[in-house]
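Colleague: Sharing upload-v1.cif here; it has mmCIF, C-alpha atoms.
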data_upload
#
loop_
_atom_site.label_atom_id
_atom_site.label_comp_id
_atom_site.auth_asym_id
_atom_site.auth_seq_id
_atom_site.Cartn_x
_atom_site.Cartn_y
_atom_site.Cartn_z
CA MET A 120 -23.18 26.62 -10.37
CA PRO A 121 -22.79 24.85 -7.08
CA LEU A 122 -22.89 21.11 -7.06
CA GLU A 123 -25.77 20.06 -4.85
CA GLU A 124 -26.44 16.57 -5.94
CA ALA A 125 -24.77 13.93 -8.05
CA LEU A 126 -25.76 10.45 -9.13
CA LEU A 127 -22.78 8.38 -10.14
CA PRO A 128 -23.00 5.00 -11.84
CA ILE A 129 -20.42 2.53 -10.51
CA SER A 130 -19.47 -0.26 -12.88
CA HIS A 131 -15.71 -0.20 -13.35
CA VAL A 132 -12.68 0.67 -11.21
CA GLY A 133 -12.33 4.13 -12.75
CA ASP A 134 -15.75 5.01 -11.34
CA ILE A 135 -14.37 4.53 -7.81
CA ILE A 136 -11.94 7.39 -8.42
CA ALA A 137 -14.59 9.62 -10.03
CA ALA A 138 -17.02 9.04 -7.13
CA ARG A 139 -14.54 9.81 -4.38
CA GLN A 140 -13.26 12.90 -6.19
CA LYS A 141 -16.82 14.19 -6.58
CA GLY A 142 -17.41 13.52 -2.89
CA ARG A 143 -14.31 15.44 -1.94
CA ASP A 144 -15.36 18.38 -4.13
CA LEU A 145 -18.82 18.44 -2.60
CA ALA A 146 -17.43 18.30 0.95
CA THR A 147 -14.95 21.10 0.28
CA GLN A 148 -17.64 23.17 -1.37
CA ILE A 149 -19.83 23.25 1.73
CA GLY A 150 -16.89 24.07 3.95
CA PHE A 151 -15.59 20.78 5.31
CA SER A 152 -11.97 21.38 6.19
CA GLY A 153 -8.88 19.67 7.53
CA SER A 154 -8.91 15.93 6.99
CA ASP A 155 -12.71 15.71 6.60
CA PRO A 156 -12.85 15.90 2.77
CA THR A 157 -10.30 13.07 2.60
CA ILE A 158 -12.21 11.07 5.20
CA ILE A 159 -15.43 11.43 3.19
CA ALA A 160 -13.59 10.51 -0.04
CA THR A 161 -12.13 7.43 1.67
CA ALA A 162 -15.53 6.24 2.88
CA ILE A 163 -16.94 6.67 -0.64
CA SER A 164 -13.98 4.75 -2.04
CA GLU A 165 -14.69 1.78 0.25
CA LEU A 166 -18.40 1.70 -0.66
CA ALA A 167 -17.73 2.06 -4.39
CA ARG A 168 -15.23 -0.78 -4.29
CA ASN A 169 -17.70 -3.00 -2.44
CA ILE A 170 -20.20 -2.42 -5.26
CA ILE A 171 -17.64 -3.46 -7.90
CA VAL A 172 -16.35 -6.48 -5.97
CA TYR A 173 -19.65 -7.92 -4.77
CA ALA A 174 -22.37 -6.60 -7.07
CA LYS A 175 -20.41 -5.70 -10.25
CA ARG A 176 -22.51 -2.57 -10.72
CA GLY A 177 -24.57 -0.07 -8.81
CA GLU A 178 -24.73 3.63 -8.08
CA ILE A 179 -23.68 6.20 -5.54
CA SER A 180 -25.64 9.36 -4.91
CA LEU A 181 -24.08 12.32 -3.16
CA SER A 182 -26.01 15.26 -1.77
CA ILE A 183 -25.88 18.12 0.67
CA VAL A 184 -28.19 17.79 3.64
CA GLU A 185 -29.16 20.05 6.51
CA ARG A 186 -30.36 19.24 10.01
CA ASP A 187 -30.67 21.54 13.01
CA GLY A 188 -28.80 24.25 11.14
CA ARG A 189 -25.87 21.94 10.43
CA ARG A 190 -24.82 21.00 6.94
CA GLY A 191 -23.48 17.67 5.93
CA VAL A 192 -22.88 15.25 3.14
CA LEU A 193 -25.20 12.33 2.45
CA VAL A 194 -23.82 9.34 0.59
CA VAL A 195 -26.09 6.54 -0.59
CA ALA A 196 -24.49 3.49 -2.21
CA ARG A 197 -27.02 1.20 -3.86
CA ASP A 198 -26.73 -2.04 -5.79
CA GLN A 199 -28.92 -4.90 -6.94
CA GLY A 200 -26.22 -7.44 -6.22
CA PRO A 201 -26.33 -10.68 -4.23
CA GLY A 202 -26.98 -8.93 -0.90
CA ILE A 203 -25.33 -9.68 2.43
CA PRO A 204 -26.57 -12.84 4.23
CA ASP A 205 -25.12 -11.88 7.62
CA ILE A 206 -24.80 -8.12 8.11
CA GLU A 207 -23.52 -8.49 11.65
CA ARG A 208 -20.62 -10.55 10.38
CA ALA A 209 -19.96 -8.23 7.45
CA MET A 210 -19.67 -5.36 9.91
CA ARG A 211 -16.99 -7.15 11.91
CA ASP A 212 -13.39 -6.07 11.41
CA GLY A 213 -11.40 -8.53 9.37
CA PHE A 214 -14.36 -10.44 7.97
CA SER A 215 -14.39 -10.69 4.19
CA THR A 216 -15.70 -13.04 1.54
CA GLY A 217 -13.98 -11.03 -1.18
CA ASN A 218 -10.28 -11.53 -0.50
CA SER A 219 -9.80 -8.13 1.12
CA LEU A 220 -8.75 -6.79 4.50
CA GLY A 221 -12.35 -6.91 5.65
CA LEU A 222 -12.20 -3.30 6.77
CA GLY A 223 -14.43 -1.79 4.09
CA LEU A 224 -17.80 -1.63 5.82
CA PRO A 225 -16.68 -1.35 9.47
CA GLY A 226 -13.99 1.11 8.35
CA ALA A 227 -16.45 3.27 6.44
CA LYS A 228 -18.68 3.29 9.53
CA ARG A 229 -15.84 4.59 11.68
CA LEU A 230 -15.17 7.39 9.20
CA VAL A 231 -18.64 8.95 9.33
CA ASP A 232 -21.24 10.14 11.86
CA GLU A 233 -24.19 8.04 10.75
CA PHE A 234 -24.20 4.68 9.03
CA GLU A 235 -27.12 2.51 7.95
CA ILE A 236 -27.09 -0.67 5.95
CA VAL A 237 -30.07 -2.47 4.45
CA SER A 238 -29.54 -5.67 2.54
CA ALA A 239 -31.64 -8.54 1.27
CA VAL A 240 -30.19 -11.71 -0.22
CA GLY A 241 -30.83 -11.78 -3.97
CA GLU A 242 -32.10 -8.22 -3.98
CA GLY A 243 -29.17 -5.99 -3.19
CA THR A 244 -27.62 -3.69 -0.64
CA THR A 245 -28.05 -0.04 0.25
CA VAL A 246 -25.57 1.74 2.49
CA THR A 247 -26.35 5.25 3.73
CA LEU A 248 -23.73 7.51 5.30
CA ARG A 249 -23.95 10.98 6.74
CA LYS A 250 -21.12 13.18 7.87
CA TRP A 251 -21.86 16.50 9.54
CA LYS A 252 -19.76 19.60 9.64
CA ARG A 253 -18.21 20.21 13.00
CA MET B 140 -2.56 4.83 -17.16
CA SER B 141 0.37 2.95 -15.69
CA ILE B 142 2.45 4.24 -12.81
CA PRO B 143 5.90 5.45 -13.95
CA ILE B 144 8.96 3.77 -12.45
CA LEU B 145 12.24 5.69 -12.55
CA LYS B 146 15.68 4.25 -12.02
CA GLN B 147 18.26 6.19 -10.05
CA GLY B 148 21.43 4.21 -9.52
CA CYS B 149 20.44 0.99 -7.82
CA VAL B 150 17.17 2.46 -6.52
CA LEU B 151 13.78 2.37 -8.24
CA ILE B 152 11.34 5.20 -7.66
CA ALA B 153 7.62 4.80 -8.34
CA CYS B 154 5.30 7.80 -8.20
CA VAL B 155 1.67 6.85 -7.59
CA GLN B 156 -0.63 9.53 -9.06
CA ALA B 157 -3.89 10.85 -7.65
CA ALA B 158 -6.11 8.92 -10.01
CA ALA B 159 -4.32 5.57 -9.79
CA THR B 160 -6.91 2.81 -10.16
CA ASP B 161 -6.88 -0.63 -8.56
CA GLN B 162 -5.52 -2.04 -11.80
CA ASP B 163 -2.68 0.50 -11.89
CA LEU B 164 -1.66 -0.55 -8.39
CA ILE B 165 -1.76 -4.25 -9.24
CA GLN B 166 0.29 -3.55 -12.36
CA LEU B 167 2.81 -1.61 -10.26
CA LYS B 168 3.22 -4.65 -8.04
CA ASP B 169 4.05 -6.90 -11.01
CA GLU B 170 6.34 -4.37 -12.68
CA LEU B 171 8.29 -3.57 -9.53
CA THR B 172 8.92 -7.18 -8.58
CA ASP B 173 10.09 -7.86 -12.17
CA LYS B 174 12.24 -4.75 -12.42
CA VAL B 175 14.01 -5.40 -9.13
CA GLY B 176 15.32 -8.58 -10.74
CA GLN B 177 15.99 -7.19 -14.22
CA LEU B 178 17.83 -4.10 -13.02
CA ARG B 179 19.28 -5.74 -9.91
CA SER B 180 17.87 -2.92 -7.79
CA ARG B 181 18.64 -2.87 -4.10
CA GLY B 182 16.10 -0.30 -3.04
CA VAL B 183 12.59 0.83 -3.94
CA VAL B 184 10.93 4.11 -2.97
CA ILE B 185 7.20 4.43 -3.54
CA ASP B 186 5.99 8.02 -3.51
CA VAL B 187 2.30 8.39 -2.66
CA SER B 188 2.36 12.14 -1.98
CA THR B 189 -0.18 12.95 -4.71
CA LEU B 190 -2.47 9.98 -4.07
CA ASP B 191 -5.91 11.35 -3.12
CA VAL B 192 -7.16 8.47 -1.00
CA MET B 193 -5.48 5.55 0.73
CA ASP B 194 -8.29 3.08 1.29
CA SER B 195 -8.13 -0.55 2.39
CA PHE B 196 -7.40 -1.77 -1.12
CA ALA B 197 -4.53 0.64 -1.74
CA THR B 198 -3.05 -0.15 1.67
CA ARG B 199 -3.27 -3.89 1.12
CA THR B 200 -1.71 -3.58 -2.34
CA LEU B 201 1.14 -1.36 -1.13
CA ARG B 202 1.77 -3.75 1.73
CA GLY B 203 1.91 -6.61 -0.78
CA ILE B 204 4.31 -4.68 -3.01
CA ALA B 205 6.58 -3.94 -0.06
CA GLN B 206 6.62 -7.55 1.12
CA ALA B 207 7.15 -9.05 -2.34
CA THR B 208 9.90 -6.59 -3.21
CA LYS B 209 11.62 -7.26 0.08
CA LEU B 210 11.55 -10.98 -0.65
CA ARG B 211 13.30 -10.15 -3.92
CA GLY B 212 16.10 -8.60 -1.92
CA ALA B 213 15.36 -4.88 -2.11
CA GLU B 214 14.66 -2.41 0.68
CA VAL B 215 11.32 -0.63 0.37
CA VAL B 216 10.28 2.75 1.71
CA ILE B 217 6.87 4.33 1.24
CA VAL B 218 7.05 8.12 1.25
CA GLY B 219 4.74 11.11 1.17
CA ILE B 220 1.67 9.98 3.11
CA GLN B 221 -0.12 13.30 3.60
CA PRO B 222 -1.46 14.33 7.02
CA ASP B 223 -5.14 14.04 6.06
CA ILE B 224 -4.52 10.63 4.47
CA ALA B 225 -2.66 9.43 7.57
CA PHE B 226 -5.56 10.54 9.75
CA ALA B 227 -8.14 8.81 7.54
CA MET B 228 -6.05 5.62 7.56
CA VAL B 229 -5.90 5.59 11.34
CA GLN B 230 -9.67 6.05 11.59
CA LEU B 231 -10.27 3.30 9.06
CA GLY B 232 -8.03 0.98 11.06
CA LEU B 233 -5.31 0.70 8.43
CA SER B 234 -1.62 0.50 9.13
CA LEU B 235 1.63 -0.19 7.34
CA ASP B 236 3.21 -2.02 10.27
CA GLY B 237 6.62 -3.41 9.51
CA ILE B 238 7.00 -1.30 6.38
CA ALA B 239 9.44 1.59 6.33
CA THR B 240 7.94 5.02 5.71
CA ALA B 241 9.50 8.45 5.36
CA LEU B 242 8.25 12.02 5.12
CA ASP B 243 9.17 12.68 1.49
CA LEU B 244 11.20 11.43 -1.45
CA GLU B 245 14.43 13.00 -0.19
CA GLU B 246 14.18 11.36 3.22
CA GLY B 247 13.08 8.10 1.62
CA LEU B 248 16.13 7.97 -0.62
CA GLU B 249 18.35 8.69 2.38
CA LEU B 250 16.71 5.93 4.39
CA VAL B 251 17.02 3.45 1.54
CA SER B 252 20.72 4.16 1.00
CA ALA B 253 21.38 3.95 4.75
CA ARG B 254 19.67 0.56 4.85
CA MET B 255 21.53 -0.62 1.77
CA SER B 256 24.91 0.22 3.27
CA GLU B 257 23.83 -1.41 6.55
CA ASP B 258 23.25 -4.62 4.59
CA VAL B 259 26.71 -4.35 3.07
CA ASP B 260 28.25 -3.78 6.52
CA ASN B 261 26.44 -6.79 7.92
CA ALA B 262 27.61 -8.94 5.06
CA THR B 263 31.28 -8.13 5.60
#
So, in terms of structure tokens, how does the structure I just supplied come out?
Modeller:
Amino acid sequence: MPLEEALLPISHVGDIIAARQKGRDLATQIGFSGSDPTIIATAISELARNIIVYAKRGEISLSIVERDGRRGVLVVARDQGPGIPDIERAMRDGFSTGNSLGLGLPGAKRLVDEFEIVSAVGEGTTVTLRKWKR
Amino acid sequence: MSIPILKQGCVLIACVQAAATDQDLIQLKDELTDKVGQLRSRGVVIDVSTLDVMDSFATRTLRGIAQATKLRGAEVVIVGIQPDIAFAMVQLGLSLDGIATALDLEEGLELVSARMSEDVDNAT
């Protein structure tokens, strides 16, 4: 049975691996080729790690989407963590409050076609990514 | 699941598996810096050819391992970065500047021994 949708809880480091592997499988299944499955897996890895580091727990949903006859992968990373006070700053290369390279969010954005981030302090963060087949 | 470290002469070889977690990588860093001292190793080759994703965390940790091991007196080479991984790293904005890399384990071992004998030459 084809995998069309998956909801993955993210609460420990092993979940990062499981999420990115599922993302790679899904991408390969709908015909992404070359380096694209790895690129999608890498973006998922960055988002999953952000959940663990900043919010402790959350979830990632993966699904296949279609627009104008093109298929793609939709990734939604959601948490009820502390939220991001300054999204503009968080999207800047090299900015980090979590002792990292500060490339997670801006890097993930560069890896995909569409990137949206919604965050409210004290309520949580939702990051939505879409990557379309070429 | 810890990352196995093999000893071949005065070189240590670590093979990072596909499903290596953040903790495995941090553990590798501690074990390698210890082992370089214990076994008086002069070279370290880290094989990442089966690693599925090289994200910012993995890159930062590998960079840290390479720098710490170098400070302990051993040459470090990272080998086996696959083409798709290399491409994703470039797009993410990640690099391993200043750290030796080689195509595969064989080339990595060659590079490490060449560098080790260079050090000996320079010392004499």
Colleague: I need the output of the PyMOL selection byres ((chain B and resi 170) around 12) for this file as a ChimeraX atom specification; which residues are they?
Modeller: /B:141-145,151-153,163-169,171-178,183,204,207-208
Colleague: Take the PyMOL selection byres ((chain A) within 6 of (chain B)), run it mentally on this structure, and tell me the resulting residues as a PyMOL selection string.
Modeller: chain A and resi 154+158+161+226
Colleague: I need the chosen residues saved as a short mmCIF file (atom, residue, chain, number, x, y, z; two decimals), keeping the file's coordinate frame, with C-alpha atoms.
Modeller:
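Dumped everything to selection-v2.cif:
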data_model
loop_
_atom_site.label_atom_id
_atom_site.label_comp_id
_atom_site.auth_asym_id
_atom_site.auth_seq_id
_atom_site.Cartn_x
_atom_site.Cartn_y
_atom_site.Cartn_z
CA SER A 154 -8.91 15.93 6.99
CA ILE A 158 -12.21 11.07 5.20
CA THR A 161 -12.13 7.43 1.67
CA GLY A 226 -13.99 1.11 8.35
#
Colleague: Considering only C-alpha atoms, return as a ChimeraX atom specification whatever protein or nucleic-acid residues lie within 6 Å of stretch 122-134 of chain A, sequence-local ones (same chain, fewer than 3 positions apart) excluded.
Modeller: /A:137-138,176-183
Colleague: As an exercise, work out the distance from atom CA of B:Lys209 to atom CA of B:Arg181 in Å and give it to one decimal place.
Modeller: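 Distance reported for this atom pair: 9.3 Å.
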Colleague: Could you spell out the hits of the PyMOL selection byres ((chain B and resi 150) around 6) on the shown file, as a PDB file with C-alpha atoms, in the coordinates of the input?
Modeller:
ATOM      1  CA  LYS B 146      15.680   4.250 -12.020  1.00  0.00           C
ATOM      2  CA  GLN B 147      18.260   6.190 -10.050  1.00  0.00           C
ATOM      3  CA  GLY B 148      21.430   4.210  -9.520  1.00  0.00           C
ATOM      4  CA  CYS B 149      20.440   0.990  -7.820  1.00  0.00           C
ATOM      5  CA  LEU B 151      13.780   2.370  -8.240  1.00  0.00           C
ATOM      6  CA  SER B 180      17.870  -2.920  -7.790  1.00  0.00           C
ATOM      7  CA  GLY B 182      16.100  -0.300  -3.040  1.00  0.00           C
ATOM      8  CA  VAL B 183      12.590   0.830  -3.940  1.00  0.00           C
TER       9      VAL B 183
END
Colleague: Quick check, in Å to one decimal: how far apart do atom CA of B:Asp236 and atom CA of A:Leu166 lie?
Modeller: 24.5 Å
Colleague: To one decimal place in Å, what is the distance between atom CA of B:Ile217 and atom CA of A:Ala162?
Modeller: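 Atom-to-atom, atom CA of B:Ile217 to atom CA of A:Ala162, that is 22.5 Å.
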Colleague: Using all atoms listed in the file for the distances, tell me which of B:Ile220, B:Leu201, B:Arg211, B:Gln206 is nearest to B:Val187.
Modeller: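 Counting all atoms listed in the file, the residue closest to B:Val187 is B:Ile220.
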Colleague: For A:Ile206, work out the shell of residues within 9 Å, counting only C-alpha atoms and skipping chain neighbours fewer than 2 positions away, then give it as an MDAnalysis selection string.
Modeller: chainID A and resid 203:204 208:211 236:238
Colleague: If you count only C-alpha atoms, which residues fall within 10 Å of A:Lys175, apart from same-chain ones fewer than 2 positions away, as a tab-separated table (two decimals) with C-alpha atoms, in the frame of the given file?
Modeller:
chain	number	residue	atom	x	y	z
A	129	ILE	CA	-20.42	2.53	-10.51
A	130	SER	CA	-19.47	-0.26	-12.88
A	131	HIS	CA	-15.71	-0.20	-13.35
A	168	ARG	CA	-15.23	-0.78	-4.29
A	169	ASN	CA	-17.70	-3.00	-2.44
A	170	ILE	CA	-20.20	-2.42	-5.26
A	171	ILE	CA	-17.64	-3.46	-7.90
A	172	VAL	CA	-16.35	-6.48	-5.97
A	173	TYR	CA	-19.65	-7.92	-4.77
A	177	GLY	CA	-24.57	-0.07	-8.81
A	198	ASP	CA	-26.73	-2.04	-5.79
A	199	GLN	CA	-28.92	-4.90	-6.94
A	200	GLY	CA	-26.22	-7.44	-6.22
A	201	PRO	CA	-26.33	-10.68	-4.23
